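Novice: Have a peek at upload_0.txt (compact mmCIF, C-alpha atoms).
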```txt
# COMPACT_ATOMS: atom_id res chain seq x y z
CA ASP A 1 82.87 -57.36 -66.92
CA THR A 2 82.92 -56.06 -70.47
CA ALA A 3 80.93 -58.42 -72.65
CA VAL A 4 77.89 -59.15 -74.72
CA SER A 5 75.26 -60.47 -72.36
CA GLN A 6 71.93 -61.96 -73.30
CA THR A 7 69.05 -63.16 -71.19
CA PRO A 8 67.57 -65.59 -70.55
CA LYS A 9 70.05 -68.41 -71.15
CA TYR A 10 67.24 -70.97 -71.44
CA LEU A 11 63.65 -70.39 -72.49
CA VAL A 12 61.06 -73.17 -72.57
CA THR A 13 57.59 -72.21 -73.70
CA GLN A 14 54.42 -73.43 -75.38
CA MET A 15 53.45 -72.95 -79.00
CA GLY A 16 51.53 -69.75 -79.59
CA ASN A 17 53.15 -67.82 -76.76
CA ASP A 18 55.00 -64.52 -77.14
CA LYS A 19 58.51 -64.19 -75.69
CA SER A 20 61.43 -61.78 -75.66
CA ILE A 21 65.20 -62.20 -75.53
CA LYS A 22 67.34 -59.30 -74.38
CA CYS A 23 70.87 -58.40 -75.40
CA GLU A 24 73.22 -55.76 -74.08
CA GLN A 25 76.83 -54.98 -74.89
CA ASN A 26 79.10 -52.63 -72.97
CA LEU A 27 81.95 -52.78 -75.45
CA GLY A 28 81.07 -49.48 -77.10
CA HIS A 29 80.18 -51.26 -80.35
CA ASP A 30 77.81 -49.65 -82.83
CA THR A 31 76.65 -52.71 -84.79
CA MET A 32 74.63 -55.54 -83.30
CA TYR A 33 73.21 -58.76 -84.72
CA TRP A 34 70.85 -61.61 -84.04
CA TYR A 35 71.85 -65.02 -85.34
CA LYS A 36 69.85 -68.27 -85.17
CA GLN A 37 71.64 -71.62 -84.83
CA ASP A 38 69.37 -74.53 -85.62
CA SER A 39 69.65 -78.21 -84.71
CA LYS A 40 72.02 -78.77 -87.63
CA LYS A 41 74.33 -76.14 -86.12
CA PHE A 42 73.90 -73.76 -89.06
CA LEU A 43 74.41 -70.19 -87.83
CA LYS A 44 72.14 -67.93 -89.87
CA ILE A 45 72.01 -64.14 -89.70
CA MET A 46 68.58 -62.73 -88.87
CA PHE A 47 69.00 -59.00 -88.26
CA SER A 48 71.68 -56.37 -88.05
CA TYR A 49 71.41 -52.92 -86.49
CA ASN A 50 73.86 -50.05 -86.73
CA ASN A 51 73.37 -47.20 -84.26
CA LYS A 52 69.76 -48.26 -83.63
CA GLU A 53 69.00 -48.45 -87.34
CA LEU A 54 68.01 -51.71 -89.05
CA ILE A 55 70.45 -52.50 -91.86
CA ILE A 56 69.93 -56.22 -92.49
CA ASN A 57 66.68 -58.19 -92.34
CA GLU A 58 67.17 -61.64 -93.76
CA THR A 59 63.58 -62.50 -94.74
CA VAL A 60 62.74 -63.48 -91.23
CA PRO A 61 58.99 -64.00 -90.55
CA ASN A 62 57.39 -60.84 -89.24
CA ARG A 63 56.56 -62.69 -86.01
CA PHE A 64 60.15 -61.74 -85.14
CA SER A 65 60.53 -58.10 -84.24
CA PRO A 66 63.90 -56.70 -83.17
CA LYS A 67 64.05 -53.51 -81.16
CA SER A 68 67.08 -51.36 -80.47
CA PRO A 69 66.35 -48.67 -77.87
CA ASP A 70 69.97 -47.52 -78.03
CA LYS A 71 73.14 -48.75 -79.66
CA ALA A 72 74.08 -50.87 -76.63
CA HIS A 73 70.86 -52.91 -76.68
CA LEU A 74 69.19 -55.14 -79.24
CA ASN A 75 66.19 -57.11 -78.07
CA LEU A 76 64.26 -59.75 -79.97
CA HIS A 77 60.53 -60.25 -79.53
CA ILE A 78 58.86 -63.31 -81.00
CA ASN A 79 55.08 -63.56 -81.39
CA SER A 80 53.03 -66.74 -81.79
CA LEU A 81 55.94 -69.10 -81.26
CA GLU A 82 56.12 -72.19 -83.48
CA LEU A 83 57.91 -75.53 -83.06
CA GLY A 84 60.37 -74.54 -85.80
CA ASP A 85 61.50 -71.55 -83.76
CA SER A 86 63.32 -73.92 -81.40
CA ALA A 87 67.01 -73.08 -81.74
CA VAL A 88 69.86 -71.26 -80.06
CA TYR A 89 69.72 -67.52 -80.64
CA PHE A 90 72.99 -65.61 -80.46
CA CYS A 91 73.40 -61.89 -80.10
CA ALA A 92 76.64 -60.42 -81.42
CA SER A 93 78.26 -57.03 -81.83
CA HIS A 94 81.25 -55.33 -83.38
CA LEU A 95 82.65 -51.91 -83.99
CA ARG A 96 81.99 -50.76 -87.53
CA GLY A 97 85.16 -51.24 -89.51
CA SER A 98 86.50 -53.92 -87.18
CA GLU A 99 84.41 -56.96 -88.20
CA LYS A 100 85.57 -58.95 -85.18
CA LEU A 101 82.29 -60.26 -83.82
CA PHE A 102 81.79 -60.70 -80.09
CA PHE A 103 79.00 -63.12 -79.25
CA GLY A 104 76.75 -63.50 -76.28
CA SER A 105 76.56 -66.96 -74.74
CA GLY A 106 73.32 -67.77 -76.50
CA THR A 107 69.68 -68.33 -75.57
CA GLN A 108 68.40 -71.85 -76.04
CA LEU A 109 64.73 -71.57 -76.98
CA SER A 110 62.59 -74.71 -76.81
CA VAL A 111 59.02 -74.49 -78.09
CA LEU A 112 56.82 -77.37 -76.95
CA ARG B 1 74.22 -72.51 -104.10
CA LYS B 2 74.92 -71.55 -100.50
CA GLU B 3 76.80 -68.32 -99.92
CA VAL B 4 79.46 -70.08 -97.84
CA GLU B 5 80.08 -73.83 -97.99
CA GLN B 6 82.16 -76.13 -95.85
CA ASP B 7 82.61 -79.87 -95.48
CA PRO B 8 80.82 -80.64 -92.19
CA GLY B 9 83.20 -83.46 -91.30
CA PRO B 10 83.87 -84.74 -88.73
CA PHE B 11 87.59 -84.89 -89.30
CA ASN B 12 89.06 -87.45 -86.90
CA VAL B 13 92.81 -87.01 -86.46
CA PRO B 14 95.40 -88.19 -83.92
CA GLU B 15 97.30 -85.75 -81.75
CA GLY B 16 100.24 -84.26 -83.61
CA ALA B 17 98.63 -84.58 -87.04
CA THR B 18 98.28 -81.79 -89.58
CA VAL B 19 94.76 -81.14 -90.81
CA ALA B 20 93.35 -78.72 -93.36
CA PHE B 21 89.86 -77.38 -93.96
CA ASN B 22 88.55 -75.60 -97.02
CA CYS B 23 85.67 -73.23 -97.47
CA THR B 24 84.17 -71.86 -100.69
CA TYR B 25 82.12 -68.70 -101.14
CA SER B 26 79.80 -67.72 -103.96
CA ASN B 27 79.96 -63.92 -103.99
CA SER B 28 83.05 -62.77 -105.84
CA ALA B 29 82.59 -59.28 -104.39
CA SER B 30 83.10 -60.57 -100.84
CA GLN B 31 85.44 -58.31 -99.00
CA SER B 32 86.88 -60.02 -95.96
CA PHE B 33 87.22 -63.46 -94.53
CA PHE B 34 87.61 -65.08 -91.13
CA TRP B 35 87.83 -68.34 -89.27
CA TYR B 36 85.86 -68.71 -86.04
CA ARG B 37 85.96 -71.55 -83.56
CA GLN B 38 82.90 -72.87 -81.72
CA ASP B 39 83.14 -75.31 -78.84
CA CYS B 40 80.17 -77.52 -77.99
CA ARG B 41 77.31 -75.50 -76.46
CA LYS B 42 79.38 -72.31 -76.53
CA GLU B 43 79.39 -69.15 -78.58
CA PRO B 44 81.66 -68.74 -81.64
CA LYS B 45 84.93 -66.90 -81.10
CA LEU B 46 87.26 -65.37 -83.66
CA LEU B 47 90.23 -67.58 -84.39
CA MET B 48 91.88 -65.49 -87.08
CA SER B 49 91.28 -63.17 -90.00
CA VAL B 50 92.34 -64.30 -93.45
CA TYR B 51 94.50 -61.94 -95.49
CA SER B 52 95.15 -62.03 -99.22
CA SER B 53 98.82 -62.80 -98.70
CA GLY B 54 98.07 -65.61 -96.26
CA ASN B 55 98.78 -65.39 -92.56
CA GLU B 56 100.01 -67.52 -89.74
CA ASP B 57 99.31 -67.54 -86.01
CA GLY B 58 101.32 -70.16 -84.22
CA ARG B 59 100.17 -73.58 -85.42
CA PHE B 60 97.38 -72.07 -87.55
CA THR B 61 97.78 -70.89 -91.14
CA ALA B 62 95.04 -69.29 -93.20
CA GLN B 63 95.08 -68.82 -96.97
CA LEU B 64 92.80 -67.00 -99.39
CA ASN B 65 92.41 -67.78 -103.08
CA ARG B 66 90.24 -65.07 -104.62
CA ALA B 67 90.42 -66.50 -108.14
CA SER B 68 88.93 -69.82 -107.01
CA GLN B 69 86.87 -68.23 -104.22
CA TYR B 70 88.03 -70.40 -101.40
CA ILE B 71 89.80 -70.01 -98.10
CA SER B 72 91.65 -72.61 -96.10
CA LEU B 73 92.77 -73.26 -92.56
CA LEU B 74 95.74 -75.48 -91.76
CA ILE B 75 96.36 -76.72 -88.23
CA ARG B 76 99.77 -78.22 -87.51
CA ASP B 77 100.67 -80.45 -84.56
CA SER B 78 97.02 -80.91 -83.51
CA LYS B 79 96.24 -80.81 -79.80
CA LEU B 80 93.32 -82.40 -78.00
CA SER B 81 92.14 -78.88 -77.20
CA ASP B 82 91.79 -78.13 -80.91
CA SER B 83 88.67 -80.33 -80.99
CA ALA B 84 85.87 -77.96 -81.94
CA THR B 85 83.82 -76.79 -84.90
CA TYR B 86 85.61 -74.37 -87.23
CA LEU B 87 83.39 -71.83 -88.94
CA CYS B 88 84.29 -70.02 -92.12
CA VAL B 89 82.92 -66.46 -92.18
CA VAL B 90 82.66 -64.13 -95.16
CA ASN B 91 81.75 -60.46 -95.24
CA THR B 92 79.62 -60.35 -98.39
CA GLY B 93 79.20 -56.58 -98.18
CA PHE B 94 77.23 -54.01 -96.19
CA GLN B 95 78.42 -55.56 -92.92
CA LYS B 96 76.69 -58.86 -93.70
CA LEU B 97 78.83 -61.54 -92.07
CA VAL B 98 77.76 -64.95 -93.38
CA PHE B 99 78.77 -68.13 -91.59
CA GLY B 100 79.43 -71.50 -93.15
CA THR B 101 77.90 -74.60 -91.59
CA GLY B 102 81.18 -75.40 -89.86
CA THR B 103 83.67 -78.26 -89.99
CA ARG B 104 83.89 -80.46 -86.93
CA LEU B 105 87.35 -81.54 -85.81
CA LEU B 106 87.96 -84.36 -83.34
CA VAL B 107 91.54 -84.82 -82.13
CA SER B 108 92.15 -88.11 -80.34
CA PRO B 109 95.04 -89.25 -78.09
```
Rewrite the structure of this file - the entire thing - as structure tokens.
Specialist:
Amino acid sequence: DTAVSQTPKYLVTQMGNDKSIKCEQNLGHDTMYWYKQDSKKFLKIMFSYNNKELIINETVPNRFSPKSPDKAHLNLHINSLELGDSAVYFCASHLRGSEKLFFGSGTQLSVL
Amino acid sequence: RKEVEQDPGPFNVPEGATVAFNCTYSNSASQSFFWYRQDCRKEPKLLMSVYSSGNEDGRFTAQLNRASQYISLLIRDSKLSDSATYLCVVNTGFQKLVFGTGTRLLVSP
């Protein structure tokens, strides 16, 4: 199936741990994003990559490190997890010039 | 001031009603505008783009007012399946797509 897929769907972990979320799209898009949706349902942009190059970094703590090995993948690594990191993280992509975002189904991160 | 603001609702309407949502944006240089729909525990999906001249897609009409920096979404003849959160999205430049907090719509029988 053509889609934006992210794994895992659920992630439960302890404070202080390090975890990664993976995202892959096979839509041929060249721009990918990470968004965070908190408990108040506010969807906030974190990072944007275009052709593996970082173009937006919205003052996210440096515990969050995105990595784009190629334009079809954008992974998110989080060090030293904190309670406030609990949220749903969405990966999204679009073709530059199109602006129609395609989202993954989200990763619900719970930090205990 | 937030970049994109919406009334969070919820808007409770009966089936068949007409309902309208507004959204304001702060950056006058914003280039393009969209409405997305998000169902509970699901990812957002594009509902429609918003064009300067206004545009319609079935029961949905979107309008843009650049002078007052707001966009609107009108839903006619509401269906139960329209119950969702409607997200206003603004491209503020350099491919930065900013989401509003969303307006929750509940359509009841």
Novice: In terms of the shortest atom-to-atom distance over all atoms listed in the file, which of B:Asn55, B:Thr103, B:Asn65, B:Asn27 is closest to Asp39 in chain B?
Specialist: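 Among B:Asn55, B:Thr103, B:Asn65, B:Asn27, it is B:Thr103 that comes nearest to Asp39 in chain B.
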Novice: I'd like the neighbourhood of Val4 in chain A as a PyMOL selection string, where a residue qualifies if any of its atoms comes within 6 Å (using all atoms listed in the file), though same-chain residues fewer than 6 positions away should be ignored.
Specialist: chain A and resi 24-25+104
Novice: Taking all atoms listed in the file into account, which residues of chain A are within 9 Å of chain B, as a list in words?
Specialist: Thr31, Lys40, Lys41, Phe42, Leu43, Lys44, Ile45, Ser48, Ile55, Ile56, Phe90, Arg96, Gly97, Glu99, Lys100, Leu101, Phe102, Phe103, Gly104, Ser105 and Gly106 of chain A
Novice: I'd like the contact shell of Thr7 in chain A - 9 Å cut-off, all atoms listed in the file, skipping same-chain residues fewer than 5 positions apart - returned as a ChimeraX atom specification.
Specialist: /A:20-24,106-107
Novice: Taking C-alpha atoms for each residue, export the selection above as a PDB file, in the frame of the given file.
Specialist:
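And here is the file that came out, selection.pdb:
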```
ATOM      1  CA  SER A  20      61.430 -61.780 -75.660  1.00  0.00           C
ATOM      2  CA  ILE A  21      65.200 -62.200 -75.530  1.00  0.00           C
ATOM      3  CA  LYS A  22      67.340 -59.300 -74.380  1.00  0.00           C
ATOM      4  CA  CYS A  23      70.870 -58.400 -75.400  1.00  0.00           C
ATOM      5  CA  GLU A  24      73.220 -55.760 -74.080  1.00  0.00           C
ATOM      6  CA  GLY A 106      73.320 -67.770 -76.500  1.00  0.00           C
ATOM      7  CA  THR A 107      69.680 -68.330 -75.570  1.00  0.00           C
TER       8      THR A 107
END
```
Novice: Can you tell me which residues surround range 68-78 of chain A at a distance of at most 9 Å, considering all atoms listed in the file, apart from same-chain residues fewer than 5 positions away, and format the answer as a ChimeraX atom specification?
Specialist: /A:6,17-34,49-54,62-63,91
Novice: How far is it from CA of Phe21 in chain B to CA of Val107 in chain B, in Å with one decimal?
Specialist: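 Here the two named atoms are 14.1 Å from each other.
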Novice: Using Å and a single decimal, report how far CA of Ser30 in chain B sits from CA of Tyr70 in chain B.
Specialist: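 Going from CA of Tyr70 in chain B over to CA of Ser30 in chain B covers 11.0 Å.
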Novice: Have a look at CA of Ala62 in chain B and CA of Val4 in chain B and let me know their distance in Å, one decimal.
Specialist: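 We find that CA of Ala62 in chain B and CA of Val4 in chain B lie 16.3 Å from each other.
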Novice: Using all atoms listed in the file, which of the listed residues (B:Gln31, B:Gln38, B:Ser68, B:Asn12) sits closest to Tyr51 in chain B?
Specialist: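 Closest residue, counting all atoms listed in the file: B:Gln31.
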Novice: Give the centre and edge lengths of an axis-aligned box, in Å to one decimal, that holds all listed atoms of range 70-75 of chain A with 3 Å on each side, as lines of an AutoDock Vina configuration file.
Specialist:
```
center_x = 70.1
center_y = -52.3
center_z = -78.1
size_x = 13.9
size_y = 15.6
size_z = 9.0
```
Novice: Neighbouring residues of Ala29 in chain B were defined as those with any atom within 9 Å, considering only C-alpha atoms; residues of the same chain fewer than 3 positions away were excluded. Please report them as a VMD selection string.
Specialist: chain B and resid 26 92 to 93
Novice: In terms of the shortest atom-to-atom distance over all atoms listed in the file, which of B:Leu105, B:Gly9, B:Arg1, B:Ile71 is closest to Val89 in chain B?
Specialist: B:Ile71
Novice: Can you tell me, as a ChimeraX atom specification, what residues are no more than 6 Å from Glu15 in chain B when counting all atoms listed in the file, ignoring any on the same chain fewer than 6 positions away?
Specialist: /B:78-79,107-109
